[in-house]
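Chemist: Structure file query.tsv (TSV, C-alpha atoms) right here:
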chain	number	residue	atom	x	y	z
A	1	MET	CA	0.00	0.00	0.00
A	2	SER	CA	1.39	3.41	-0.89
A	3	GLN	CA	1.96	6.15	1.66
A	4	PRO	CA	-0.27	9.23	1.50
A	5	HIS	CA	1.23	12.34	-0.03
A	6	ASN	CA	2.31	14.95	2.48
A	7	ASP	CA	0.55	18.28	1.84
A	8	ASP	CA	3.88	20.09	2.25
A	9	ASP	CA	5.17	18.17	-0.79
A	10	LEU	CA	2.79	20.15	-2.99
A	11	ALA	CA	3.49	23.55	-1.45
A	12	PRO	CA	4.94	26.01	-3.96
A	13	THR	CA	8.34	27.52	-3.24
A	14	GLN	CA	8.31	31.13	-2.12
A	15	THR	CA	10.64	33.72	-3.62
A	16	ALA	CA	12.17	35.88	-0.91
A	17	GLY	CA	10.96	39.46	-1.15
A	18	TYR	CA	8.22	38.73	-3.72
A	19	THR	CA	4.72	39.79	-2.79
A	20	PRO	CA	1.96	39.30	-5.37
A	21	GLY	CA	0.03	42.45	-6.22
A	22	MET	CA	-3.46	43.03	-4.93
A	23	LYS	CA	-6.15	41.04	-6.73
A	24	LYS	CA	-8.05	43.13	-9.27
A	25	SER	CA	-11.25	42.43	-11.15
A	26	LEU	CA	-11.52	42.61	-14.94
A	27	ALA	CA	-13.29	45.96	-14.63
A	28	GLU	CA	-10.44	47.33	-12.49
A	29	TYR	CA	-7.85	46.16	-15.03
A	30	ASN	CA	-9.79	47.80	-17.83
A	31	GLN	CA	-9.85	51.11	-15.90
A	32	LEU	CA	-6.07	51.18	-15.38
A	33	ASP	CA	-4.25	54.11	-16.97
A	34	ALA	CA	-5.56	54.06	-20.54
A	35	GLN	CA	-2.82	56.51	-21.66
A	36	ASP	CA	0.03	54.14	-20.72
A	37	GLU	CA	1.06	52.36	-23.94
A	38	SER	CA	3.04	49.56	-22.23
A	39	LEU	CA	0.17	48.88	-19.82
A	40	ARG	CA	-2.28	48.80	-22.74
A	41	LYS	CA	-0.09	46.21	-24.53
A	42	TRP	CA	0.19	44.14	-21.35
A	43	LYS	CA	-3.61	44.16	-20.93
A	44	GLU	CA	-4.03	43.12	-24.59
A	45	SER	CA	-1.59	40.22	-24.05
A	46	LEU	CA	-3.93	39.00	-21.31
A	47	GLY	CA	-6.94	39.35	-23.60
A	48	LEU	CA	-8.33	42.30	-21.66
A	49	ALA	CA	-9.80	44.36	-24.46
A	50	ALA	CA	-12.23	46.94	-23.12
A	51	ASP	CA	-15.03	45.60	-25.32
A	52	ALA	CA	-14.38	41.89	-24.69
A	53	ALA	CA	-17.29	39.76	-23.58
A	54	PRO	CA	-16.74	37.74	-20.38
A	55	ALA	CA	-15.43	34.23	-21.12
A	56	GLY	CA	-17.00	31.21	-19.46
A	57	PRO	CA	-20.49	30.05	-18.62
A	58	ALA	CA	-22.23	31.91	-15.80
A	59	ASP	CA	-23.10	28.62	-14.06
A	60	ASP	CA	-19.43	27.49	-13.87
A	61	PRO	CA	-17.57	29.50	-11.20
A	62	ARG	CA	-14.13	28.01	-11.92
A	63	ARG	CA	-11.47	30.47	-13.11
A	64	VAL	CA	-9.13	27.78	-14.48
A	65	VAL	CA	-10.50	24.75	-16.31
A	66	VAL	CA	-7.80	22.18	-17.01
A	67	GLU	CA	-8.90	20.11	-20.00
A	68	GLN	CA	-5.96	17.73	-20.36
A	69	ILE	CA	-2.34	17.05	-19.67
A	70	ALA	CA	-0.20	15.15	-22.13
A	71	LEU	CA	3.15	13.43	-22.40
A	72	GLU	CA	4.89	14.49	-25.62
A	73	VAL	CA	7.64	12.23	-27.03
A	74	ALA	CA	9.27	12.92	-30.41
A	75	GLY	CA	8.15	10.44	-33.07
A	76	ARG	CA	5.21	9.07	-31.05
A	77	PRO	CA	1.59	10.09	-30.59
A	78	ASP	CA	1.03	12.06	-27.37
A	79	VAL	CA	-0.18	10.19	-24.30
A	80	VAL	CA	-3.18	12.32	-23.35
A	81	VAL	CA	-4.79	12.28	-19.91
A	82	ASP	CA	-8.28	13.77	-19.93
A	83	LEU	CA	-8.92	15.94	-16.85
A	84	SER	CA	-12.09	17.67	-17.99
A	85	THR	CA	-14.60	15.93	-15.69
A	86	PRO	CA	-14.66	14.32	-12.22
A	87	ALA	CA	-15.05	10.91	-13.91
A	88	ALA	CA	-11.96	11.60	-16.04
A	89	LEU	CA	-9.97	12.51	-12.90
A	90	GLU	CA	-10.98	9.22	-11.30
A	91	SER	CA	-10.00	7.35	-14.44
A	92	ALA	CA	-6.57	9.04	-14.47
A	93	LYS	CA	-6.03	7.80	-10.93
A	94	LYS	CA	-6.88	4.20	-11.80
A	95	SER	CA	-5.21	3.92	-15.23
A	96	PRO	CA	-1.42	4.30	-15.16
A	97	PHE	CA	0.31	5.06	-18.44
A	98	ILE	CA	3.69	3.76	-19.57
A	99	ILE	CA	6.89	5.75	-20.04
A	100	LYS	CA	9.82	4.04	-21.72
A	101	GLU	CA	12.99	4.26	-19.63
A	102	GLY	CA	15.55	6.82	-20.76
A	103	VAL	CA	13.24	8.56	-23.23
A	104	GLU	CA	13.21	12.35	-23.55
A	105	TYR	CA	9.74	13.78	-23.03
A	106	ARG	CA	7.90	16.90	-22.06
A	107	MET	CA	4.58	17.47	-20.38
A	108	LYS	CA	2.09	19.91	-21.83
A	109	VAL	CA	-1.17	21.17	-20.45
A	110	LYS	CA	-4.27	22.49	-22.19
A	111	PHE	CA	-6.46	24.80	-20.08
A	112	ARG	CA	-8.99	27.60	-20.26
A	113	VAL	CA	-9.24	30.71	-18.11
A	114	GLN	CA	-12.69	32.13	-17.53
A	115	HIS	CA	-14.34	35.03	-15.69
A	116	ASP	CA	-11.17	36.72	-14.36
A	117	VAL	CA	-7.41	37.12	-14.72
A	118	VAL	CA	-5.27	34.40	-13.14
A	119	SER	CA	-1.85	35.64	-11.98
A	120	GLY	CA	1.17	33.42	-11.53
A	121	LEU	CA	-0.43	30.08	-12.38
A	122	LYS	CA	1.91	27.19	-11.46
A	123	TYR	CA	1.91	23.44	-11.96
A	124	LEU	CA	3.21	21.39	-9.02
A	125	GLN	CA	3.89	17.66	-9.16
A	126	VAL	CA	5.29	15.23	-6.60
A	127	VAL	CA	6.25	11.71	-7.64
A	128	LYS	CA	6.69	8.91	-5.11
A	129	ARG	CA	7.80	5.33	-5.38
A	130	GLY	CA	7.13	3.04	-2.47
A	131	GLY	CA	6.03	6.07	-0.41
A	132	ILE	CA	9.35	7.88	-0.86
A	133	ARG	CA	9.49	11.13	-2.79
A	134	VAL	CA	11.70	10.73	-5.86
A	135	ASP	CA	10.85	13.89	-7.79
A	136	LYS	CA	9.22	17.28	-7.39
A	137	VAL	CA	8.39	19.56	-10.30
A	138	GLU	CA	7.33	23.18	-10.05
A	139	GLU	CA	6.62	24.76	-13.43
A	140	MET	CA	5.56	28.41	-13.81
A	141	ILE	CA	2.80	28.62	-16.39
A	142	GLY	CA	2.19	32.37	-16.21
A	143	SER	CA	-0.58	34.95	-15.99
A	144	TYR	CA	-3.59	34.69	-18.28
A	145	GLY	CA	-6.79	36.54	-18.99
A	146	PRO	CA	-10.13	34.92	-19.74
A	147	GLN	CA	-10.86	33.79	-23.29
A	148	GLY	CA	-13.15	31.29	-24.97
A	149	THR	CA	-10.38	29.14	-26.45
A	150	ALA	CA	-7.88	26.99	-24.58
A	151	TYR	CA	-4.28	27.89	-23.88
A	152	GLU	CA	-1.51	25.31	-24.23
A	153	LYS	CA	1.71	25.40	-22.23
A	154	LYS	CA	4.66	23.07	-22.91
A	155	PHE	CA	6.98	22.31	-20.01
A	156	GLN	CA	10.73	21.82	-20.11
A	157	LEU	CA	12.22	18.73	-21.72
A	158	GLU	CA	13.00	15.93	-19.25
A	159	GLU	CA	14.54	12.48	-19.42
A	160	ALA	CA	12.90	9.46	-17.84
A	161	PRO	CA	15.15	7.50	-15.48
A	162	SER	CA	16.60	4.29	-16.84
A	163	GLY	CA	18.01	1.03	-15.57
A	164	MET	CA	16.62	-1.93	-13.71
A	165	LEU	CA	16.22	0.01	-10.45
A	166	ALA	CA	14.24	2.78	-12.14
A	167	ARG	CA	11.68	0.46	-13.69
A	168	GLY	CA	8.43	0.09	-11.81
A	169	HIS	CA	5.28	1.82	-10.62
A	170	TYR	CA	5.17	5.46	-9.53
A	171	GLU	CA	2.42	7.42	-7.79
A	172	ALA	CA	2.05	11.12	-8.51
A	173	LYS	CA	-0.01	13.99	-7.20
A	174	SER	CA	-0.38	17.23	-9.12
A	175	LYS	CA	-2.05	20.57	-8.68
A	176	PHE	CA	-2.51	23.94	-10.32
A	177	ILE	CA	-2.15	26.90	-7.94
A	178	ASP	CA	-1.84	30.65	-8.48
A	179	ASP	CA	-0.12	33.58	-6.76
A	180	ASP	CA	-3.20	34.08	-4.58
A	181	ASN	CA	-2.73	30.50	-3.27
A	182	VAL	CA	-5.95	29.38	-4.92
A	183	THR	CA	-5.79	25.70	-5.85
A	184	HIS	CA	-7.62	25.37	-9.16
A	185	MET	CA	-7.26	21.60	-9.51
A	186	GLU	CA	-5.59	18.77	-7.62
A	187	TRP	CA	-5.53	15.11	-8.56
A	188	ALA	CA	-3.64	11.84	-8.10
A	189	TRP	CA	-2.38	9.69	-10.96
A	190	SER	CA	0.24	7.04	-11.68
A	191	PHE	CA	2.62	5.76	-14.32
A	192	ASP	CA	4.95	2.85	-14.94
A	193	ILE	CA	8.51	3.07	-16.25
A	194	LYS	CA	9.20	0.05	-18.43
A	195	LYS	CA	11.97	-1.19	-20.68
A	196	ASP	CA	9.81	-0.61	-23.75
A	197	TRP	CA	6.49	0.92	-24.73
Give the structure from the file, written as structure tokens.
Modeler:
Amino acid sequence: MSQPHNDDDLAPTQTAGYTPGMKKSLAEYNQLDAQDESLRKWKESLGLAADAAPAGPADDPRRVVVEQIALEVAGRPDVVVDLSTPAALESAKKSPFIIKEGVEYRMKVKFRVQHDVVSGLKYLQVVKRGGIRVDKVEEMIGSYGPQGTAYEKKFQLEEAPSGMLARGHYEAKSKFIDDDNVTHMEWAWSFDIKKDW
């Protein structure tokens, strides 16, 4: 039986001296100094046009909707993990996928932002084998404004461990958190490192 994940394992690192700015609504962002050209360009990069319609259904209060995460390996189809529904999250937990030992891969995430700006969105992941932490990933995704279409963020290239001792079953826990310490999604999943696909 695997050990439970320690909540501290999924705590984001804090940068000394960094304090996130005060949370602002879309209306407040749109009212910011309209004569400042650099601020106007920054707002446009977040999709904050003054005449933009709010993105997202009124009956869905989530600000970040993670649709999927995928394992990208050159020369192979992506291994896609659907995260769009509670049933899909449960399936991800029960259905480990296979990573070939020693292969170079990258994770990528597809997500939507709705209703409001999300500042400093991060992906945190802790991997354990036999209850012992073997890896922790903290990937800054960035700040995004609401829009109707999904964003895609590719993470840094990594190499899967190799060798007889590296092969086996791994348990992982991941979450998306922002600068305001709002956890937008958290889920458990697993994978197996094998000699071949």
Chemist: With all atoms listed in the file as the basis for distance, which of A:Lys175, A:Arg129, A:Lys136, A:Lys195 is at the shortest distance from Leu83 of chain A?
Modeler: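 Result for the nearest residue to Leu83 of chain A: A:Lys175.
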Chemist: List as a PyMOL selection string the residues having at least one atom at most 9 Å from position (-16.2, 21.2, -11.7) as given in the file, counting only C-alpha atoms.
Modeler: chain A and resi 60-62+65+84-86
Chemist: Which of these, A:Ile193, A:Ala188, A:Val73, A:Ala55, has the shortest distance to Asp116 of chain A once you count all atoms listed in the file?
Modeler: A:Ala55
Chemist: Using Å and a single decimal, report how far atom CA of Val134 of chain A sits from atom CA of Gly168 of chain A.
Modeler: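 Rounded to one decimal, the two atoms are 12.6 Å apart.
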Chemist: Looking at only C-alpha atoms, which of A:Val126, A:Ala11, A:Ile99, A:Ile132 is the one that sits closest to Arg76 of chain A?
Modeler: A:Ile99
Chemist: Between atom CA of Glu158 of chain A and atom CA of Leu89 of chain A, what is the distance in Å, rounded to a tenth?
Modeler: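 Separation of atom CA of Glu158 of chain A and atom CA of Leu89 of chain A: 24.1 Å.
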Chemist: If we count all atoms listed in the file and set the cut-off at 12 Å, which residues sit around Glu67 of chain A, ignoring sequence neighbours fewer than 3 positions away in its own chain? Please answer as a PDB file with C-alpha atoms, keeping the file's coordinate frame.
Modeler:
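Listed below is the output, part.pdb:
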ATOM      1  CA  VAL A  64      -9.130  27.780 -14.480  1.00  0.00           C
ATOM      2  CA  ALA A  70      -0.200  15.150 -22.130  1.00  0.00           C
ATOM      3  CA  VAL A  80      -3.180  12.320 -23.350  1.00  0.00           C
ATOM      4  CA  VAL A  81      -4.790  12.280 -19.910  1.00  0.00           C
ATOM      5  CA  ASP A  82      -8.280  13.770 -19.930  1.00  0.00           C
ATOM      6  CA  LEU A  83      -8.920  15.940 -16.850  1.00  0.00           C
ATOM      7  CA  SER A  84     -12.090  17.670 -17.990  1.00  0.00           C
ATOM      8  CA  THR A  85     -14.600  15.930 -15.690  1.00  0.00           C
ATOM      9  CA  PRO A  86     -14.660  14.320 -12.220  1.00  0.00           C
ATOM     10  CA  ALA A  88     -11.960  11.600 -16.040  1.00  0.00           C
ATOM     11  CA  LEU A  89      -9.970  12.510 -12.900  1.00  0.00           C
ATOM     12  CA  LYS A 108       2.090  19.910 -21.830  1.00  0.00           C
ATOM     13  CA  VAL A 109      -1.170  21.170 -20.450  1.00  0.00           C
ATOM     14  CA  LYS A 110      -4.270  22.490 -22.190  1.00  0.00           C
ATOM     15  CA  PHE A 111      -6.460  24.800 -20.080  1.00  0.00           C
ATOM     16  CA  ARG A 112      -8.990  27.600 -20.260  1.00  0.00           C
ATOM     17  CA  VAL A 113      -9.240  30.710 -18.110  1.00  0.00           C
ATOM     18  CA  THR A 149     -10.380  29.140 -26.450  1.00  0.00           C
ATOM     19  CA  ALA A 150      -7.880  26.990 -24.580  1.00  0.00           C
ATOM     20  CA  TYR A 151      -4.280  27.890 -23.880  1.00  0.00           C
ATOM     21  CA  GLU A 152      -1.510  25.310 -24.230  1.00  0.00           C
ATOM     22  CA  MET A 185      -7.260  21.600  -9.510  1.00  0.00           C
TER      23      MET A 185
END
Chemist: So what do you get for atom CA of Ala160 of chain A versus atom CA of Met140 of chain A, distance-wise?
Modeler: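 Separating atom CA of Ala160 of chain A from atom CA of Met140 of chain A is a distance of 20.7 Å.
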Chemist: Determine the nearest neighbour of Gly148 of chain A from the options A:Arg133, A:His115, A:Lys41, A:Lys94, counting only C-alpha atoms.
Modeler: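 Once distances to Gly148 of chain A are computed over only C-alpha atoms, the minimum belongs to A:His115.
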Chemist: Using all atoms listed in the file, which protein or nucleic acid residues come within 8 Å of Glu171 of chain A? Drop anything in the same chain fewer than 4 positions from it, and give the result as an MDAnalysis selection string.
Modeler: chainID A and resid 127:129 188:191
